[in-house]
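Source file: start-v7.tsv (TSV, C-alpha atoms)
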```tsv
chain	number	residue	atom	x	y	z
R	1	MET	CA	93.92	183.70	80.63
R	2	SER	CA	97.29	182.18	79.76
R	3	LYS	CA	97.37	178.85	78.02
R	4	ARG	CA	98.44	175.71	79.85
R	5	ASP	CA	101.60	173.94	78.89
R	6	TYR	CA	100.84	171.49	76.08
R	7	TYR	CA	102.74	168.66	77.76
R	8	GLU	CA	100.74	169.29	80.92
R	9	VAL	CA	97.50	169.24	78.93
R	10	LEU	CA	98.31	165.76	77.62
R	11	GLY	CA	99.77	164.61	80.93
R	12	VAL	CA	103.16	163.56	79.51
R	13	GLU	CA	106.78	164.47	80.09
R	14	LYS	CA	108.55	166.90	77.77
R	15	GLY	CA	110.66	164.11	76.30
R	16	ALA	CA	107.69	161.83	75.59
R	17	SER	CA	107.87	159.75	72.42
R	18	ALA	CA	105.39	159.97	69.55
R	19	ASP	CA	103.69	156.75	70.69
R	20	GLU	CA	103.34	158.08	74.23
R	21	LEU	CA	101.82	161.31	72.91
R	22	LYS	CA	99.36	159.43	70.74
R	23	LYS	CA	98.34	157.06	73.52
R	24	ALA	CA	97.77	159.92	75.97
R	25	TYR	CA	95.83	161.96	73.42
R	26	ARG	CA	93.55	159.12	72.36
R	27	LYS	CA	92.70	158.27	75.95
R	28	LEU	CA	91.86	161.85	76.92
R	29	ALA	CA	90.11	162.67	73.63
R	30	MET	CA	87.72	159.78	74.04
R	31	GLN	CA	87.16	160.79	77.68
R	32	TYR	CA	86.35	164.45	76.98
R	33	HIS	CA	84.68	164.20	73.59
R	34	PRO	CA	81.54	166.40	73.68
R	35	ASP	CA	79.32	163.62	72.36
R	36	ARG	CA	80.18	161.58	75.44
R	37	ASN	CA	79.66	164.52	77.78
R	38	PRO	CA	76.45	166.26	76.66
R	39	ASP	CA	75.78	167.60	80.18
R	40	ASN	CA	79.30	168.92	80.77
R	41	PRO	CA	79.85	172.28	79.01
R	42	GLN	CA	83.51	172.26	80.06
R	43	ALA	CA	84.16	169.04	78.11
R	44	ALA	CA	84.11	170.87	74.75
R	45	ASP	CA	86.75	173.36	75.96
R	46	LYS	CA	88.87	170.54	77.34
R	47	PHE	CA	88.54	168.62	74.10
R	48	LYS	CA	89.55	171.67	72.06
R	49	GLU	CA	92.55	172.20	74.31
R	50	LEU	CA	93.61	168.56	73.84
R	51	ASN	CA	93.36	168.84	70.04
R	52	GLU	CA	95.38	172.04	70.05
R	53	ALA	CA	98.12	170.50	72.19
R	54	TYR	CA	98.32	167.26	70.22
R	55	ASP	CA	98.24	169.03	66.87
R	56	VAL	CA	101.43	170.86	67.81
R	57	LEU	CA	103.32	168.13	69.63
R	58	LYS	CA	102.67	165.36	67.09
R	59	ASP	CA	104.39	167.43	64.36
R	60	ASP	CA	108.19	167.45	64.67
R	61	GLN	CA	108.56	170.98	63.26
R	62	LYS	CA	105.78	172.43	65.37
R	63	ARG	CA	107.05	170.64	68.45
R	64	ALA	CA	110.59	171.98	67.95
R	65	ALA	CA	109.22	175.51	67.61
R	66	TYR	CA	107.07	175.10	70.71
R	67	ASP	CA	109.93	173.70	72.76
R	68	ARG	CA	112.04	176.76	71.82
R	69	PHE	CA	109.52	179.62	71.86
R	70	GLY	CA	106.53	178.21	73.76
R	71	HIS	CA	103.08	179.53	72.88
R	72	ALA	CA	104.67	182.62	71.33
R	73	ALA	CA	105.59	180.50	68.33
R	74	PHE	CA	101.90	180.26	67.45
R	75	ASP	CA	100.46	183.58	68.52
R	76	GLY	CA	98.64	183.68	65.20
R	77	GLY	CA	96.55	180.68	66.21
R	78	MET	CA	96.73	177.06	65.21
R	79	GLY	CA	98.38	177.17	61.82
R	80	GLY	CA	97.13	180.72	61.41
R	81	GLY	CA	100.42	182.20	60.19
R	82	GLY	CA	99.89	185.42	62.14
R	83	ARG	CA	102.54	187.99	62.88
R	84	GLY	CA	105.69	186.18	63.89
R	85	GLY	CA	103.88	182.84	63.79
R	86	PHE	CA	104.54	179.60	61.92
R	87	ASP	CA	102.19	178.24	59.25
R	88	PHE	CA	102.40	174.43	59.12
R	89	GLY	CA	98.98	173.78	57.57
R	90	GLY	CA	95.74	172.60	59.13
R	91	GLY	CA	95.78	169.92	61.84
R	92	GLY	CA	93.55	166.87	61.96
R	93	GLY	CA	92.19	166.90	65.52
R	94	PHE	CA	89.56	164.22	66.10
R	95	SER	CA	89.56	163.30	62.42
R	96	ASP	CA	93.16	162.12	62.89
R	97	LEU	CA	92.08	160.11	65.91
R	98	PHE	CA	89.31	158.48	63.87
R	99	GLU	CA	91.79	157.68	61.09
R	100	GLU	CA	94.30	156.15	63.49
R	101	MET	CA	91.64	153.95	65.08
R	102	PHE	CA	89.66	152.93	62.00
R	103	GLY	CA	91.76	153.85	58.95
R	104	ASP	CA	93.08	150.36	58.24
R	105	PHE	CA	89.66	148.82	58.70
R	106	MET	CA	88.05	151.27	56.30
R	107	GLY	CA	90.61	150.51	53.60
R	108	GLY	CA	93.57	152.80	54.15
R	109	GLY	CA	94.54	156.24	55.37
R	110	ARG	CA	92.71	159.43	54.57
R	111	ARG	CA	95.39	160.60	52.23
R	112	GLY	CA	95.24	157.48	50.06
R	113	GLN	CA	94.09	158.14	46.55
R	114	ALA	CA	91.13	156.14	45.30
R	115	THR	CA	92.28	153.41	42.94
R	116	GLY	CA	89.08	153.00	40.92
R	117	ARG	CA	89.39	149.19	41.09
R	118	GLY	CA	86.39	147.41	39.64
R	119	SER	CA	83.72	145.98	41.93
R	120	ASP	CA	83.65	142.32	42.86
R	121	LEU	CA	80.71	140.36	41.49
R	122	ARG	CA	78.73	137.47	42.97
R	123	PHE	CA	77.12	134.70	40.94
R	124	ASN	CA	74.86	132.06	42.55
R	125	MET	CA	74.95	128.64	40.88
R	126	ASP	CA	72.74	125.63	41.63
R	127	ILE	CA	74.28	122.22	41.00
R	128	SER	CA	73.03	118.66	41.47
R	129	LEU	CA	74.44	116.21	44.01
R	130	GLU	CA	75.82	114.21	41.08
R	131	ASP	CA	77.71	117.31	39.86
R	132	ALA	CA	79.09	117.82	43.35
R	133	PHE	CA	80.22	114.18	43.38
R	134	GLY	CA	81.90	114.03	39.98
R	135	GLY	CA	82.66	117.69	39.27
R	136	LYS	CA	81.87	119.39	35.99
R	137	THR	CA	82.88	122.14	33.61
R	138	THR	CA	80.16	124.54	32.54
R	139	THR	CA	79.71	128.01	31.11
R	140	ILE	CA	77.97	130.95	32.77
R	141	THR	CA	76.90	134.35	31.51
R	142	VAL	CA	77.48	137.20	33.96
R	143	PRO	CA	76.13	140.76	33.56
R	144	SER	CA	79.30	142.80	33.90
R	145	SER	CA	81.32	145.58	32.35
R	146	ALA	CA	84.38	145.61	30.12
R	147	PRO	CA	86.98	148.21	29.10
R	148	CYS	CA	85.67	150.57	26.43
R	149	ASP	CA	87.16	149.73	23.03
R	150	ALA	CA	86.68	153.26	21.70
R	151	CYS	CA	89.07	154.82	24.24
R	152	ASN	CA	91.05	151.72	25.23
R	153	GLY	CA	89.74	152.10	28.76
R	154	THR	CA	91.23	155.55	29.41
R	155	GLY	CA	87.90	157.39	29.37
R	156	GLY	CA	89.34	160.12	27.12
R	157	LYS	CA	88.34	160.77	23.55
R	158	ASP	CA	90.52	158.85	21.07
R	159	GLY	CA	92.40	157.29	24.00
R	160	SER	CA	93.69	160.56	25.49
R	161	GLN	CA	95.02	160.27	29.03
R	162	PRO	CA	93.42	161.90	32.10
R	163	THR	CA	95.10	164.93	33.66
R	164	THR	CA	95.72	165.77	37.32
R	165	CYS	CA	92.70	167.24	39.05
R	166	GLY	CA	93.15	170.96	39.71
R	167	THR	CA	90.89	170.94	42.77
R	168	CYS	CA	92.61	168.27	44.88
R	169	HIS	CA	95.95	168.26	42.99
R	170	GLY	CA	95.81	164.50	42.51
R	171	HIS	CA	95.02	163.55	46.12
R	172	GLY	CA	91.39	162.61	45.50
R	173	LYS	CA	90.28	164.43	48.67
R	174	VAL	CA	89.82	168.00	49.81
R	175	ARG	CA	89.90	169.50	53.31
R	176	ALA	CA	87.87	172.19	55.00
R	177	GLN	CA	88.49	173.73	58.43
R	178	GLN	CA	85.41	173.98	60.68
R	179	GLY	CA	86.34	175.35	64.08
R	180	PHE	CA	88.85	172.99	65.61
R	181	PHE	CA	87.85	170.18	63.25
R	182	THR	CA	89.44	169.47	59.89
R	183	ILE	CA	86.86	167.81	57.65
R	184	GLU	CA	88.10	165.74	54.74
R	185	ARG	CA	85.80	164.82	51.87
R	186	THR	CA	86.03	163.12	48.51
R	187	CYS	CA	86.94	165.61	45.85
R	188	PRO	CA	83.71	166.67	44.08
R	189	THR	CA	85.53	167.39	40.84
R	190	CYS	CA	87.26	164.05	40.23
R	191	GLN	CA	85.12	161.90	42.55
R	192	GLY	CA	88.19	160.73	44.42
R	193	GLN	CA	90.18	159.67	41.38
R	194	GLY	CA	92.75	162.46	41.50
R	195	ARG	CA	92.51	162.78	37.72
R	196	VAL	CA	89.95	164.30	35.37
R	197	ILE	CA	88.98	163.79	31.76
R	198	LYS	CA	88.98	167.05	29.79
R	199	ASP	CA	87.50	165.53	26.65
R	200	PRO	CA	85.52	162.41	27.64
R	201	CYS	CA	84.92	159.48	25.33
R	202	ARG	CA	81.46	159.65	23.73
R	203	VAL	CA	80.92	155.90	23.96
R	204	CYS	CA	81.57	155.38	27.69
R	205	GLY	CA	81.06	158.96	28.89
R	206	GLY	CA	84.54	159.11	30.38
R	207	GLN	CA	84.14	156.01	32.55
R	208	GLY	CA	86.52	153.90	30.51
R	209	LYS	CA	84.14	150.94	30.67
R	210	VAL	CA	80.84	149.84	29.14
R	211	ARG	CA	78.14	147.38	30.17
R	212	LYS	CA	78.72	143.99	28.62
R	213	ASP	CA	77.70	140.42	29.44
R	214	LYS	CA	80.59	138.08	29.97
R	215	THR	CA	80.58	134.34	29.18
R	216	LEU	CA	83.00	132.31	31.27
R	217	SER	CA	83.99	128.67	31.60
R	218	VAL	CA	83.83	127.43	35.18
R	219	THR	CA	85.35	124.20	36.47
R	220	ILE	CA	83.62	122.75	39.53
R	221	PRO	CA	85.92	120.31	41.34
R	222	ALA	CA	84.63	116.97	42.61
R	223	GLY	CA	83.67	116.97	46.29
R	224	VAL	CA	82.42	120.54	46.64
R	225	GLU	CA	79.88	121.17	49.38
R	226	ASP	CA	76.89	123.46	49.67
R	227	GLY	CA	78.10	127.04	50.11
R	228	THR	CA	81.50	126.49	48.49
R	229	ARG	CA	82.91	129.71	47.00
R	230	ILE	CA	84.94	129.75	43.80
R	231	ARG	CA	86.98	132.89	43.04
R	232	LEU	CA	87.81	133.93	39.49
R	233	ALA	CA	90.44	136.65	39.80
R	234	GLY	CA	90.05	139.62	37.46
R	235	GLU	CA	86.64	138.52	36.14
R	236	GLY	CA	84.58	141.10	38.02
R	237	GLU	CA	83.62	144.63	36.97
R	238	ALA	CA	86.13	146.50	34.84
R	239	GLY	CA	88.07	149.18	36.69
R	240	LEU	CA	87.47	152.89	36.20
R	241	ARG	CA	89.64	154.38	33.45
R	242	GLY	CA	92.07	151.51	33.15
R	243	ALA	CA	92.18	150.56	36.85
R	244	PRO	CA	92.39	146.83	37.70
R	245	PRO	CA	89.16	144.81	37.46
R	246	GLY	CA	87.42	143.22	40.43
R	247	ASP	CA	86.98	139.52	41.05
R	248	LEU	CA	84.05	137.18	40.42
R	249	TYR	CA	82.87	134.96	43.28
R	250	ILE	CA	80.72	131.96	42.43
R	251	PHE	CA	78.67	130.58	45.33
R	252	LEU	CA	77.55	126.98	44.86
R	253	SER	CA	74.26	125.63	46.16
R	254	VAL	CA	73.76	121.85	46.03
R	255	LYS	CA	70.14	120.98	45.29
R	256	PRO	CA	68.33	118.37	47.46
R	257	HIS	CA	68.39	114.84	46.01
R	258	ARG	CA	65.37	112.58	45.58
R	259	LEU	CA	67.08	109.53	47.10
R	260	PHE	CA	70.21	110.55	48.97
R	261	GLN	CA	70.93	112.74	51.97
R	262	ARG	CA	74.46	114.06	52.35
R	263	ASP	CA	76.42	114.59	55.56
R	264	GLY	CA	79.93	115.77	54.70
R	265	ALA	CA	81.53	112.99	52.66
R	266	ASN	CA	78.96	110.37	53.70
R	267	ILE	CA	75.66	109.57	52.01
R	268	TYR	CA	72.51	108.14	53.59
R	269	CYS	CA	69.72	106.33	51.79
R	270	ARG	CA	66.49	104.83	53.15
R	271	VAL	CA	65.73	101.57	51.34
R	272	PRO	CA	62.39	99.70	51.62
R	273	ILE	CA	62.86	96.01	52.44
R	274	PRO	CA	60.07	93.43	51.81
R	275	MET	CA	58.82	91.85	55.00
R	276	THR	CA	59.75	88.38	53.81
R	277	THR	CA	63.31	89.45	52.94
R	278	ALA	CA	63.69	91.14	56.30
R	279	ALA	CA	62.44	88.03	58.09
R	280	LEU	CA	64.20	85.35	56.05
R	281	GLY	CA	67.22	87.28	54.80
R	282	GLY	CA	68.29	87.92	51.21
R	283	THR	CA	69.73	90.66	49.00
R	284	VAL	CA	68.48	93.96	47.59
R	285	ASP	CA	69.86	96.15	44.80
R	286	VAL	CA	70.71	99.66	45.99
R	287	PRO	CA	71.59	102.66	43.74
R	288	THR	CA	74.79	104.60	44.46
R	289	ILE	CA	75.81	108.19	43.73
R	290	ASP	CA	78.18	107.13	40.94
R	291	GLY	CA	75.24	105.76	38.90
R	292	THR	CA	75.77	102.05	39.56
R	293	MET	CA	73.76	99.44	41.50
R	294	THR	CA	75.20	97.52	44.43
R	295	LYS	CA	73.87	94.34	46.04
R	296	VAL	CA	73.40	94.60	49.79
R	297	THR	CA	73.02	91.46	51.90
R	298	ILE	CA	70.11	91.65	54.31
R	299	PRO	CA	70.48	89.31	57.28
R	300	ALA	CA	67.48	87.39	58.60
R	301	GLY	CA	65.56	89.25	61.28
R	302	THR	CA	66.39	92.74	60.02
R	303	GLN	CA	64.34	95.46	61.70
R	304	SER	CA	63.32	98.90	60.46
R	305	GLY	CA	66.07	101.38	61.25
R	306	ASN	CA	68.93	98.90	60.98
R	307	GLN	CA	71.86	100.44	59.09
R	308	PHE	CA	74.34	98.84	56.72
R	309	ARG	CA	77.58	100.51	55.73
R	310	LEU	CA	78.97	100.45	52.20
R	311	LYS	CA	82.58	101.53	52.48
R	312	SER	CA	83.90	104.09	49.94
R	313	LYS	CA	80.51	104.39	48.22
R	314	GLY	CA	79.83	107.92	49.42
R	315	MET	CA	80.81	111.38	48.13
R	316	SER	CA	84.14	112.39	46.67
R	317	VAL	CA	86.44	114.26	49.03
R	318	LEU	CA	87.60	117.64	47.73
R	319	ARG	CA	91.19	117.57	46.46
R	320	SER	CA	91.57	113.91	47.45
R	321	PRO	CA	91.14	110.54	45.73
R	322	ALA	CA	89.27	109.25	48.80
R	323	ARG	CA	85.52	108.79	49.09
R	324	GLY	CA	83.17	108.75	52.02
R	325	ASP	CA	80.86	105.90	52.96
R	326	MET	CA	77.25	105.13	52.13
R	327	PHE	CA	74.82	104.10	54.86
R	328	ILE	CA	71.70	102.09	54.03
R	329	GLN	CA	68.82	102.44	56.47
R	330	ALA	CA	66.36	99.54	56.24
R	331	MET	CA	62.65	100.28	56.16
R	332	VAL	CA	60.73	97.01	56.57
R	333	GLU	CA	57.63	97.30	54.42
R	334	THR	CA	54.29	95.89	55.52
R	335	PRO	CA	52.53	94.27	52.54
R	336	VAL	CA	49.22	95.72	51.33
R	337	ASN	CA	46.47	94.62	48.95
R	338	LEU	CA	46.78	91.00	50.09
R	339	THR	CA	44.91	88.22	48.32
R	340	GLU	CA	42.68	85.90	50.31
R	341	ARG	CA	45.32	83.15	50.10
R	342	GLN	CA	48.03	85.50	51.41
R	343	LYS	CA	45.80	86.47	54.33
R	344	GLU	CA	45.19	82.79	55.11
R	345	LEU	CA	48.92	82.10	55.08
R	346	LEU	CA	49.61	85.00	57.44
R	347	GLN	CA	46.87	83.77	59.77
R	348	GLU	CA	48.38	80.29	59.70
R	349	PHE	CA	51.79	81.81	60.41
R	350	ASP	CA	50.41	83.68	63.37
R	351	ALA	CA	48.57	80.62	64.72
R	352	ALA	CA	51.66	78.44	64.40
R	353	GLY	CA	53.79	80.84	66.41
R	354	ASP	CA	55.48	79.68	69.60
R	355	LYS	CA	54.83	82.23	72.34
R	356	ASP	CA	58.11	81.35	74.03
R	357	ALA	CA	60.19	81.74	70.85
R	358	LYS	CA	60.28	85.54	71.08
R	359	HIS	CA	59.59	86.24	67.41
R	360	ASN	CA	58.98	89.95	68.01
R	361	PRO	CA	61.81	91.29	70.22
R	362	GLU	CA	60.96	94.96	69.72
R	363	SER	CA	57.31	94.71	70.78
R	364	GLU	CA	58.11	92.31	73.61
R	365	GLY	CA	60.71	94.71	74.96
R	366	PHE	CA	58.33	97.66	74.63
R	367	PHE	CA	55.46	96.01	76.49
R	368	ALA	CA	57.81	94.74	79.17
R	369	LYS	CA	58.76	98.37	79.84
R	370	VAL	CA	55.06	99.31	79.92
R	371	LYS	CA	54.41	96.68	82.60
R	372	GLU	CA	57.31	97.98	84.69
R	373	LEU	CA	55.99	101.53	84.35
R	374	TRP	CA	52.48	100.60	85.54
R	375	LYS	CA	53.94	98.58	88.36
R	376	ASP	CA	55.97	101.57	89.57
R	377	LEU	CA	52.91	103.84	89.39
R	378	THR	CA	50.65	101.52	91.37
R	379	GLU	CA	53.11	100.76	94.15
```
Kindly return the structure encoded in the file as structure tokens.
Amino acid sequence: MSKRDYYEVLGVEKGASADELKKAYRKLAMQYHPDRNPDNPQAADKFKELNEAYDVLKDDQKRAAYDRFGHAAFDGGMGGGGRGGFDFGGGGGFSDLFEEMFGDFMGGGRRGQATGRGSDLRFNMDISLEDAFGGKTTTITVPSSAPCDACNGTGGKDGSQPTTCGTCHGHGKVRAQQGFFTIERTCPTCQGQGRVIKDPCRVCGGQGKVRKDKTLSVTIPAGVEDGTRIRLAGEGEAGLRGAPPGDLYIFLSVKPHRLFQRDGANIYCRVPIPMTTAALGGTVDVPTIDGTMTKVTIPAGTQSGNQFRLKSKGMSVLRSPARGDMFIQAMVETPVNLTERQKELLQEFDAAGDKDAKHNPESEGFFAKVKELWKDLTE
């Protein structure tokens, strides 16, 4: 059976641009891919036909030959180089489609040579709320790797340089044709590096790097929050055979504080207030995050839950001279372990109370709502 016209297979005009060809191919290839049509035996033939057509038309040389001679230009098969045919090398088929769709996401095209860049490292650091407020400079020790001194990081004995891999010819990848698929794999000889070490260094085994702990000085800026990430460029794992090193990422975790709770740049603190101070008014000394004490005026009649704002007494703001606020939440404390005289005084206080003076607004309001509730239920 004669082959269909390649332009007809892809559903495009003869003068279609490269983008139009690619768009048409991708749409049809995804539609007829065998994995998406397990119950349609004709889908595999259609998919093969699409790959064959696109493999020719996407290549300028192949397309020019096809436009001039038709299918006769390739009577030796796809890239087969048969009698009178043209040998342009193996086509990519669905592997090319996968590369076009996901190549950038996966870190570059298939033909890109592996760089051997060192791995990035992560270091988790716990700091106190005081450190987050004022910032600090500290040292950390990170298990890492460093360039081998014996070979100066080249991986070759006495510093000799690697040579081009004879298997992949420096590309880092090799191809194998399987039916109408072209499978590309990392070169097994050079492990994707494109270069090989003929006489490896005895110290590092040809890697160009050795395991070595690294001690670094880290500056934590004032105002950092929980989860802040600090990047130290070039302080990660050493690269393979002289390749650039990776980066070190320090993730900060702010430990819970015994007195303060943080919300962004603001700080909250629950402060116990003696009953007499809450009733009569007065002052209390309150600690702040900067290590000082501040007097807070407590007005007469203060209730539990009342808040007082101390402006600019909160956390530092990252990369700013400003500070957040501090909020004091009053907790009126009921006295315990009373002496007999104290009990007598409280009893006298209770007996001397004027029922119409509304000394207890919270309880009076609560029980008024209870009465309204019962009234609604009984009506």
Excluding segment 237-249 of chain R and any residue of its chain fewer than 4 positions from it, enumerate the residues within 9 Å of it, using only C-alpha atoms, and give them as a PyMOL selection string. chain R and resi 115-124+144-148+152-156+162+193+206-210+229-233
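Nearest-residue note for Ala44 of chain R: choosing from R:Met30, R:Ile197, R:Ile220, R:Ile250, the minimum distance belongs to R:Met30, counting only C-alpha atoms.
Coordinates place atom CA of Lys157 of chain R at a distance of 20.0 Å from atom CA of Lys212 of chain R.
Between atom CA of Val12 of chain R and atom CA of Lys58 of chain R the interatomic distance comes to 12.6 Å.
Nearest-residue note for Pro272 of chain R: choosing from R:Val317, R:Ala222, R:Leu310, R:Val332, the minimum distance belongs to R:Val332, counting all atoms listed in the file.
With distances restricted to only C-alpha atoms, R:Lys3 is the closest residue to Ala72 of chain R from R:Lys22, R:Lys3, R:Thr141, R:Cys204.
If you count only C-alpha atoms and ignore residues fewer than 5 places along the chain from Pro321 of chain R, what sits within 12 Å of it is Phe133, Gly134, Pro221, Ala222, Gly223, Ser312, Met315 and Ser316 of chain R.
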Kindly compute an axis-aligned box around the listed atoms of segment 129-143 of chain R, allowing 6 Å on each side, and express its centre and edge lengths in Å to one decimal as lines of an AutoDock Vina configuration file.
```
center_x = 78.7
center_y = 127.4
center_z = 37.6
size_x = 20.4
size_y = 38.7
size_z = 24.9
```
Could you state the separation of atom CA of Thr276 of chain R and atom CA of Gly301 of chain R in Å, given to one decimal place? 9.5 Å
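Using all atoms listed in the file, the protein and nucleic acid residues lying no more than 9 Å from Lys46 of chain R, apart from those fewer than 6 places from it along its own chain, are Val9, Ala29, Tyr32 and His33 of chain R.
Comparing the minimum interatomic distances between Ala24 of chain R and each of R:Gly11, R:Pro335, R:Gly305, R:Gly282, counting all atoms listed in the file, we find that R:Gly11 sits nearest.
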Skipping near chain neighbours, those fewer than 3 positions away, what residues fall within 10 Å of Gln261 of chain R using all atoms listed in the file, listed as a ChimeraX atom specification? /R:129,256-258,264,266-270,326-327
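Proximity to Ile289 of chain R was assessed for R:Glu49, R:Glu184, R:Glu130, R:Glu20 counting all atoms listed in the file; the smallest distance is recorded for R:Glu130.
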